[in-house]
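*Asks:* What follows is a single structure, and I will ask about it in a moment.
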Amino acid sequence: MTRTLSEDTSLESNASASQAYEILQNDQVGRYMVASRELQAAEEIVTEMPFVIGPKACTYPLCLSCYTPWPLEPDNKSLCSKCGWPVCDQDCENALQHKDYECQVFTQANEKFNVDTTLDGNSENGVPQLECITPLRLLLESERNVARWNKEVKNMEAHNKIRCQKPQWKSDQVNIVDYLRKRLKLDRFSEEYIQTACGILEINTFEVRTLKGFGARGIYPITAMMNHSCVSNTSHSISPVDYKLRLRTTVKIPAGGELNASYTHSLLPTMLRREHLLEGKHFACACPRCSDPTELGTHMSSLKCNKCDNGIILPLDSLDSESTWKCTHCEFSTNGQAVRKILRIIQAEVDTVEAISGADGADAIHQREIVMKKYRSVLHPRHAFLSMLRHSLTQMYGRVNEYLLDDLPIIVLEHKVDMCRLLLQVLDVVEPGYSRVRGMTLYELHAPLLFLAKDQWNAGVIDEAGLKSKMIEAANILKEAATILSLEPLETPEGQIGLVAKESIVQLEQSINDL
């Protein structure tokens with residue numbers, strides 16, 4: 001989301017009103033945000049409504065209003081009565097984001113949605129006809145909300161010079177530019193203008209979740225000004241009701257300190273994070289985490305050496321994908337290409353098991369455990385892929401059928417505790433402070449600790465004082481989890497868990513006092 005500099009009075013006034021941040025600029029990154037005073041952890045610094053919301057690129061067939069997969073039932077292919085494009089029902093047909101935007105354009109151009117092609121074809125890689133929706137909404141909004149477009153959006157980085165050399169540019173030319181200008185008769189928008197809109201969306205959108213848990217994307221111009229770091233010092237939450245974004249700090253930030261966000265998944269190894277950022281955001285990250293072969297001591301990219309007992313294989317230069325990787329204890333070395341091949345193989349397996357939902361039952365747990373066991377001798381214990389699987393497993397143990405919390409044997413409770421603690425060792429470095437994933441992991445840690453303490457007390461392994469000590473430890477962990485998760489919107493699963501955590505603290509403290 002690196003940008004060119006532009007006049008931006010609305011952003012400046014927002015800055016002075018909040019007294020939390022100011023906007024600076026330089027030749028390397030354009031505009032960026034710094035703290036205008038010392039900011040405390042969990043301090044809210046921006047609230048922002050989206051400029052536009054719409055379907056993701058390469059989307060599945062969906063309702064154009066609520067983004068629910070479409071059709072709801074095989075025999076209920078509901079279409080808008082005016083334009084003939086997919087909606088759930090009359091409420092979705094009349095929702096302003098559809099009714100006032102693409103519906104009018106499709107109706108005027110008499111352009112119908114091709115139901116048969118969509119449902120008969122392979123939509124795994126997206127529905128070409130739906131690619132135009134979000135760019136079209138952005139273009140129409142640029143005409144309706146001229147002041148905000150000029151001040152906040154139009155000069156966001158689109159990277160046209162880089163994008164025009166990529167396959168996606170050609171795809172956008174066919175599915176979006178030509179479709180809008182020719183089929184929808186919108187030739188008032190130039191090809192360059194539409195490609196710029198596509199670039200703004202590609203580089204700058206944030207993922208949005210709906211109330212039903214489905215994905216969309218939105219443009220939030222102020223928040224998008226933050227530069228990237230693979231260890232961010234902010235976190236944002238987006239309400240699934242009105243899509244308002246709230247940006248807050250996760251750690252204390254000194255006056256003049258830069259505010260940054262992560263544009264990629266924090267639980268990925270450096271080589272894959274940097275590839276993702278280069279491909280999707282068009283810059284080569286050289287942040288402190290990427291620059292350190294040990295990933296700030298987490299070893300999230302490190303491999304185990306199978307030529308010696310205690311060796312760890314690290315890149316000599318983590319910013320060079322072709323760099324030699326060498327063992328810390330013996331003479332073994334390999335090249336970056338070989339490591340990348342290994343990572344791609346493991347990533348494919350991790351992605352496959354991560355796609356298995358907890359709703360599928362015990363298999364969701366079994367398949368993840370199989371992959372973890374398979375690569376335990378290859379990957380460092382805190383490797384990104386193992387951390388990713390632990391993150392899922394800590395959420396599933398206790399919630400999935402056959403593995404509900406009351407049914408977990410001692411050995412599985414201990415396994416869950418170990419996974420939470422290993423994951424927290426990583427998160428304390430790469431997602432420190434008041435981050436959502438840390439809050440959820442802390443919450444998942446407290447319950448098995450209580451179950452284990454009670455079992456040890458019943459077995460006579462610990463006395464009442466020992467039980468009280470362990471309960472206090474669990475209570476402190478639960479308090480931190482509640483503090484973090486209560487910052488999330490109440491309409492989200494995390495916000496709901498934050499509410500439960502607060503209620504649980506009262507009960508737990510009462511139990512401690514009764515001892």
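Naming works like this for the structure tokens: A, B, ... for the chains as they're shown, residue 1 at the start of each chain, ligands 1 onward in shown order.
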I'd like the neighbourhood of range 470-477 of chain A as an MDAnalysis selection string, where a residue qualifies if any of its atoms comes within 12 Å (using only C-alpha atoms), though same-chain residues fewer than 6 positions away should be ignored.

*Replies:* chainID A and resid 417 420:421 424 438:457 462:464 483:484 501:515

*Asks:* What would the file look like if the residues just selected were written as a short mmCIF file (atom, residue, chain, number, x, y, z; two decimals), in the first residue's frame with N, CA and C atoms?

*Replies:*
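Written output follows (out_34.cif):
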data_model
loop_
_atom_site.label_atom_id
_atom_site.label_comp_id
_atom_site.auth_asym_id
_atom_site.auth_seq_id
_atom_site.Cartn_x
_atom_site.Cartn_y
_atom_site.Cartn_z
N VAL A 417 -2.24 -27.55 26.20
CA VAL A 417 -1.46 -26.54 26.95
C VAL A 417 -0.09 -26.33 26.28
N CYS A 420 -0.50 -24.33 23.09
CA CYS A 420 -0.77 -22.92 23.38
C CYS A 420 0.51 -22.19 23.79
N ARG A 421 1.29 -22.82 24.66
CA ARG A 421 2.51 -22.16 25.15
C ARG A 421 3.54 -21.99 24.03
N LEU A 424 2.32 -19.19 21.84
CA LEU A 424 2.50 -17.89 22.48
C LEU A 424 3.95 -17.42 22.42
N ARG A 438 -3.37 -13.45 19.75
CA ARG A 438 -2.84 -13.67 21.11
C ARG A 438 -3.97 -13.80 22.11
N GLY A 439 -4.98 -12.94 21.98
CA GLY A 439 -6.12 -13.00 22.88
C GLY A 439 -6.83 -14.34 22.82
N MET A 440 -7.04 -14.84 21.61
CA MET A 440 -7.71 -16.12 21.43
C MET A 440 -6.87 -17.26 21.99
N THR A 441 -5.56 -17.21 21.80
CA THR A 441 -4.68 -18.27 22.29
C THR A 441 -4.63 -18.28 23.81
N LEU A 442 -4.58 -17.11 24.42
CA LEU A 442 -4.62 -17.03 25.88
C LEU A 442 -5.94 -17.61 26.42
N TYR A 443 -7.03 -17.29 25.73
CA TYR A 443 -8.33 -17.81 26.16
C TYR A 443 -8.34 -19.34 26.10
N GLU A 444 -7.79 -19.89 25.03
CA GLU A 444 -7.76 -21.35 24.88
C GLU A 444 -6.84 -22.02 25.89
N LEU A 445 -5.87 -21.27 26.43
CA LEU A 445 -4.93 -21.84 27.40
C LEU A 445 -5.53 -21.97 28.79
N HIS A 446 -6.41 -21.04 29.17
CA HIS A 446 -6.82 -21.00 30.58
C HIS A 446 -7.63 -22.23 31.00
N ALA A 447 -8.53 -22.72 30.14
CA ALA A 447 -9.43 -23.81 30.54
C ALA A 447 -8.70 -25.13 30.81
N PRO A 448 -7.82 -25.60 29.89
CA PRO A 448 -7.12 -26.85 30.20
C PRO A 448 -6.24 -26.74 31.44
N LEU A 449 -5.71 -25.54 31.71
CA LEU A 449 -4.93 -25.35 32.95
C LEU A 449 -5.79 -25.61 34.17
N LEU A 450 -7.04 -25.13 34.13
CA LEU A 450 -7.96 -25.35 35.26
C LEU A 450 -8.32 -26.83 35.40
N PHE A 451 -8.59 -27.49 34.27
CA PHE A 451 -8.93 -28.91 34.31
C PHE A 451 -7.78 -29.74 34.87
N LEU A 452 -6.56 -29.43 34.45
CA LEU A 452 -5.38 -30.17 34.92
C LEU A 452 -5.14 -29.93 36.41
N ALA A 453 -5.33 -28.67 36.85
CA ALA A 453 -5.13 -28.35 38.27
C ALA A 453 -6.13 -29.13 39.13
N LYS A 454 -7.38 -29.17 38.69
CA LYS A 454 -8.41 -29.88 39.43
C LYS A 454 -8.10 -31.38 39.50
N ASP A 455 -7.60 -31.92 38.38
CA ASP A 455 -7.26 -33.35 38.35
C ASP A 455 -6.09 -33.66 39.29
N GLN A 456 -5.09 -32.77 39.31
CA GLN A 456 -3.94 -32.98 40.20
C GLN A 456 -4.36 -32.89 41.66
N TRP A 457 -5.29 -31.98 41.95
CA TRP A 457 -5.76 -31.83 43.34
C TRP A 457 -6.57 -33.07 43.75
N ILE A 462 -1.26 -32.21 44.29
CA ILE A 462 -1.04 -30.86 44.84
C ILE A 462 -2.04 -30.65 45.98
N ASP A 463 -1.65 -29.76 46.92
CA ASP A 463 -2.55 -29.45 48.03
C ASP A 463 -3.42 -28.25 47.66
N GLU A 464 -4.19 -27.78 48.62
CA GLU A 464 -5.11 -26.67 48.35
C GLU A 464 -4.38 -25.40 47.95
N THR A 483 -9.34 -8.84 28.29
CA THR A 483 -8.96 -7.45 27.98
C THR A 483 -8.76 -7.26 26.49
N ILE A 484 -8.08 -8.22 25.85
CA ILE A 484 -7.81 -8.12 24.42
C ILE A 484 -9.09 -8.32 23.60
N ALA A 501 -15.54 -14.49 28.43
CA ALA A 501 -14.34 -14.47 29.28
C ALA A 501 -14.55 -13.57 30.50
N LYS A 502 -15.18 -12.40 30.29
CA LYS A 502 -15.44 -11.49 31.41
C LYS A 502 -16.34 -12.14 32.46
N GLU A 503 -17.38 -12.83 31.97
CA GLU A 503 -18.30 -13.51 32.90
C GLU A 503 -17.59 -14.66 33.62
N SER A 504 -16.70 -15.35 32.90
CA SER A 504 -15.97 -16.48 33.50
C SER A 504 -15.02 -16.01 34.59
N ILE A 505 -14.45 -14.82 34.43
CA ILE A 505 -13.51 -14.29 35.43
C ILE A 505 -14.22 -14.14 36.78
N VAL A 506 -15.45 -13.62 36.75
CA VAL A 506 -16.21 -13.41 37.99
C VAL A 506 -16.40 -14.74 38.71
N GLN A 507 -16.80 -15.76 37.96
CA GLN A 507 -17.02 -17.09 38.55
C GLN A 507 -15.72 -17.69 39.07
N LEU A 508 -14.65 -17.54 38.28
CA LEU A 508 -13.36 -18.12 38.67
C LEU A 508 -12.82 -17.45 39.93
N GLU A 509 -12.94 -16.13 40.02
CA GLU A 509 -12.43 -15.42 41.20
C GLU A 509 -13.24 -15.79 42.44
N GLN A 510 -14.54 -16.04 42.23
CA GLN A 510 -15.37 -16.48 43.36
C GLN A 510 -14.91 -17.85 43.85
N SER A 511 -14.59 -18.74 42.90
CA SER A 511 -14.11 -20.09 43.27
C SER A 511 -12.78 -20.00 44.01
N ILE A 512 -11.91 -19.09 43.58
CA ILE A 512 -10.61 -18.91 44.24
C ILE A 512 -10.82 -18.40 45.67
N ASN A 513 -11.73 -17.43 45.82
CA ASN A 513 -12.00 -16.86 47.16
C ASN A 513 -12.64 -17.88 48.10
N ASP A 514 -13.36 -18.85 47.51
CA ASP A 514 -14.03 -19.85 48.34
C ASP A 514 -13.07 -20.93 48.85
N LEU A 515 -11.87 -21.00 48.28
CA LEU A 515 -10.92 -22.04 48.70
C LEU A 515 -10.42 -21.78 50.13
#

*Asks:* Hey, what's within 7 Å of Glu48 in chain A if we count only C-alpha atoms and toss same-chain stuff fewer than 3 positions away? As a PyMOL selection string, please?

*Replies:* chain A and resi 220+244-246

*Asks:* Put those residues in a file: C-alpha atoms, as a compact mmCIF listing (two decimals), in the first residue's frame.

*Replies:*
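File out_17.txt, as written:
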# COMPACT_ATOMS: atom_id res chain seq x y z
CA TYR A 220 -10.36 2.23 3.96
CA LYS A 244 -16.93 0.43 10.29
CA LEU A 245 -13.20 -0.08 10.86
CA ARG A 246 -11.54 0.66 14.18

*Asks:* If you count only C-alpha atoms, which residues fall within 8 Å of Leu267 in chain A, apart from same-chain ones fewer than 4 positions away, as a ChimeraX atom specification?

*Replies:* /A:384-385,387-388

*Asks:* Residues at most 12 Å from Cys58 in chain A, counting only C-alpha atoms, excluding those fewer than 2 positions away in the same chain, as a PyMOL selection string?

*Replies:* chain A and resi 55-56+60-62+122-134+168+171-172+175+202+215-217

*Asks:* Would you export the selected residues with N, CA, C and O atoms as a short mmCIF file (atom, residue, chain, number, x, y, z; two decimals), in the first residue's frame, please?

*Replies:*
data_model
loop_
_atom_site.label_atom_id
_atom_site.label_comp_id
_atom_site.auth_asym_id
_atom_site.auth_seq_id
_atom_site.Cartn_x
_atom_site.Cartn_y
_atom_site.Cartn_z
N PRO A 55 -17.47 -7.72 -3.55
CA PRO A 55 -16.90 -9.07 -3.58
C PRO A 55 -15.39 -9.05 -3.79
O PRO A 55 -14.84 -8.13 -4.38
N LYS A 56 -14.73 -10.09 -3.29
CA LYS A 56 -13.30 -10.26 -3.53
C LYS A 56 -13.05 -10.57 -4.99
O LYS A 56 -13.97 -10.97 -5.73
N TYR A 60 -16.27 -16.79 -5.54
CA TYR A 60 -17.25 -17.84 -5.80
C TYR A 60 -18.58 -17.16 -6.18
O TYR A 60 -18.78 -15.97 -5.92
N PRO A 61 -19.54 -17.90 -6.77
CA PRO A 61 -20.86 -17.31 -7.02
C PRO A 61 -21.49 -16.88 -5.70
O PRO A 61 -21.53 -17.65 -4.75
N LEU A 62 -21.98 -15.63 -5.64
CA LEU A 62 -22.48 -15.11 -4.38
C LEU A 62 -23.61 -14.10 -4.59
O LEU A 62 -23.82 -13.59 -5.69
N ASN A 122 -16.44 -24.36 -14.02
CA ASN A 122 -15.58 -24.53 -12.85
C ASN A 122 -15.35 -23.16 -12.22
O ASN A 122 -14.62 -22.33 -12.77
N SER A 123 -15.99 -22.91 -11.08
CA SER A 123 -15.87 -21.59 -10.44
C SER A 123 -14.83 -21.56 -9.33
O SER A 123 -14.79 -20.62 -8.55
N GLU A 124 -13.97 -22.59 -9.27
CA GLU A 124 -12.93 -22.62 -8.23
C GLU A 124 -11.99 -21.43 -8.36
O GLU A 124 -11.46 -20.92 -7.38
N ASN A 125 -11.73 -21.00 -9.62
CA ASN A 125 -10.83 -19.87 -9.84
C ASN A 125 -11.59 -18.57 -10.05
O ASN A 125 -11.06 -17.61 -10.59
N GLY A 126 -12.84 -18.55 -9.63
CA GLY A 126 -13.63 -17.33 -9.72
C GLY A 126 -14.58 -17.35 -10.90
O GLY A 126 -14.47 -18.16 -11.81
N VAL A 127 -15.54 -16.43 -10.83
CA VAL A 127 -16.54 -16.27 -11.90
C VAL A 127 -16.19 -15.00 -12.66
O VAL A 127 -16.33 -13.89 -12.12
N PRO A 128 -15.73 -15.12 -13.92
CA PRO A 128 -15.29 -13.93 -14.66
C PRO A 128 -16.31 -12.80 -14.67
O PRO A 128 -15.95 -11.62 -14.55
N GLN A 129 -17.59 -13.15 -14.78
CA GLN A 129 -18.62 -12.11 -14.87
C GLN A 129 -18.74 -11.29 -13.58
O GLN A 129 -19.20 -10.14 -13.61
N LEU A 130 -18.33 -11.89 -12.45
CA LEU A 130 -18.43 -11.17 -11.17
C LEU A 130 -17.21 -10.31 -10.87
O LEU A 130 -17.23 -9.54 -9.91
N GLU A 131 -16.16 -10.43 -11.69
CA GLU A 131 -14.94 -9.64 -11.45
C GLU A 131 -15.20 -8.14 -11.52
O GLU A 131 -14.48 -7.35 -10.93
N CYS A 132 -16.25 -7.75 -12.27
CA CYS A 132 -16.48 -6.32 -12.50
C CYS A 132 -17.17 -5.62 -11.34
O CYS A 132 -17.17 -4.39 -11.28
N ILE A 133 -17.78 -6.38 -10.41
CA ILE A 133 -18.69 -5.76 -9.43
C ILE A 133 -18.00 -4.70 -8.57
O ILE A 133 -18.44 -3.55 -8.50
N THR A 134 -16.93 -5.08 -7.88
CA THR A 134 -16.29 -4.12 -6.96
C THR A 134 -15.62 -2.97 -7.71
O THR A 134 -15.78 -1.81 -7.29
N GLN A 168 -2.31 -10.67 -14.60
CA GLN A 168 -3.58 -10.17 -14.04
C GLN A 168 -4.08 -8.95 -14.80
O GLN A 168 -5.28 -8.74 -14.95
N SER A 171 -5.96 -10.10 -17.78
CA SER A 171 -7.23 -10.66 -17.33
C SER A 171 -8.22 -9.55 -16.98
O SER A 171 -9.40 -9.59 -17.35
N ASP A 172 -7.73 -8.53 -16.25
CA ASP A 172 -8.58 -7.38 -15.90
C ASP A 172 -9.04 -6.63 -17.15
O ASP A 172 -10.16 -6.10 -17.19
N ASN A 175 -11.98 -9.02 -18.48
CA ASN A 175 -13.12 -9.25 -17.59
C ASN A 175 -13.69 -7.97 -16.98
O ASN A 175 -14.86 -7.97 -16.55
N GLU A 202 -6.60 -3.88 -5.87
CA GLU A 202 -5.64 -4.98 -5.70
C GLU A 202 -4.64 -4.69 -4.60
O GLU A 202 -4.29 -5.56 -3.81
N GLY A 215 -16.69 -13.71 3.22
CA GLY A 215 -15.68 -12.70 2.97
C GLY A 215 -16.06 -11.71 1.88
O GLY A 215 -16.70 -12.05 0.90
N ALA A 216 -15.64 -10.45 2.08
CA ALA A 216 -15.74 -9.41 1.06
C ALA A 216 -14.48 -8.56 1.20
O ALA A 216 -13.56 -8.93 1.93
N ARG A 217 -14.42 -7.44 0.48
CA ARG A 217 -13.25 -6.55 0.60
C ARG A 217 -13.72 -5.10 0.62
O ARG A 217 -14.78 -4.77 0.07
#

*Asks:* Taking into account only C-alpha atoms, which residue in the set A:Asn335, A:Asn204, A:Thr117, A:Ser232 is nearest to Glu157 in chain A?

*Replies:* A:Asn204

*Asks:* I need the strand (DSSP E) residues of range 91-277 of chain A per DSSP on the backbone, written as a list in words.

*Replies:*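 Listing strand (DSSP E) positions across range 91-277 of chain A yields Phe206, Glu207, Val208, Arg209, Gly215, Ala216, Arg217, Gly218, Ile219, Asn227, His228, Thr234, Ser235, His236, Ser237, Ile238, Leu245, Arg246, Leu247, Arg248, Thr249, Asn260 and Ala261 of chain A.
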
*Asks:* Using only C-alpha atoms, which residue out of A:Thr264, A:Gln496, A:Ser486, A:Asn233 lies closest to Thr249 in chain A?

*Replies:*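 Ranked by minimum distance to Thr249 in chain A, first place goes to A:Asn233.
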
*Asks:* For Met226 in chain A, please output as number ranges by chain all residues within 6 Å (counting only C-alpha atoms; exclusion window: fewer than 4 positions along the same chain).

*Replies:* A: 32-33, 260
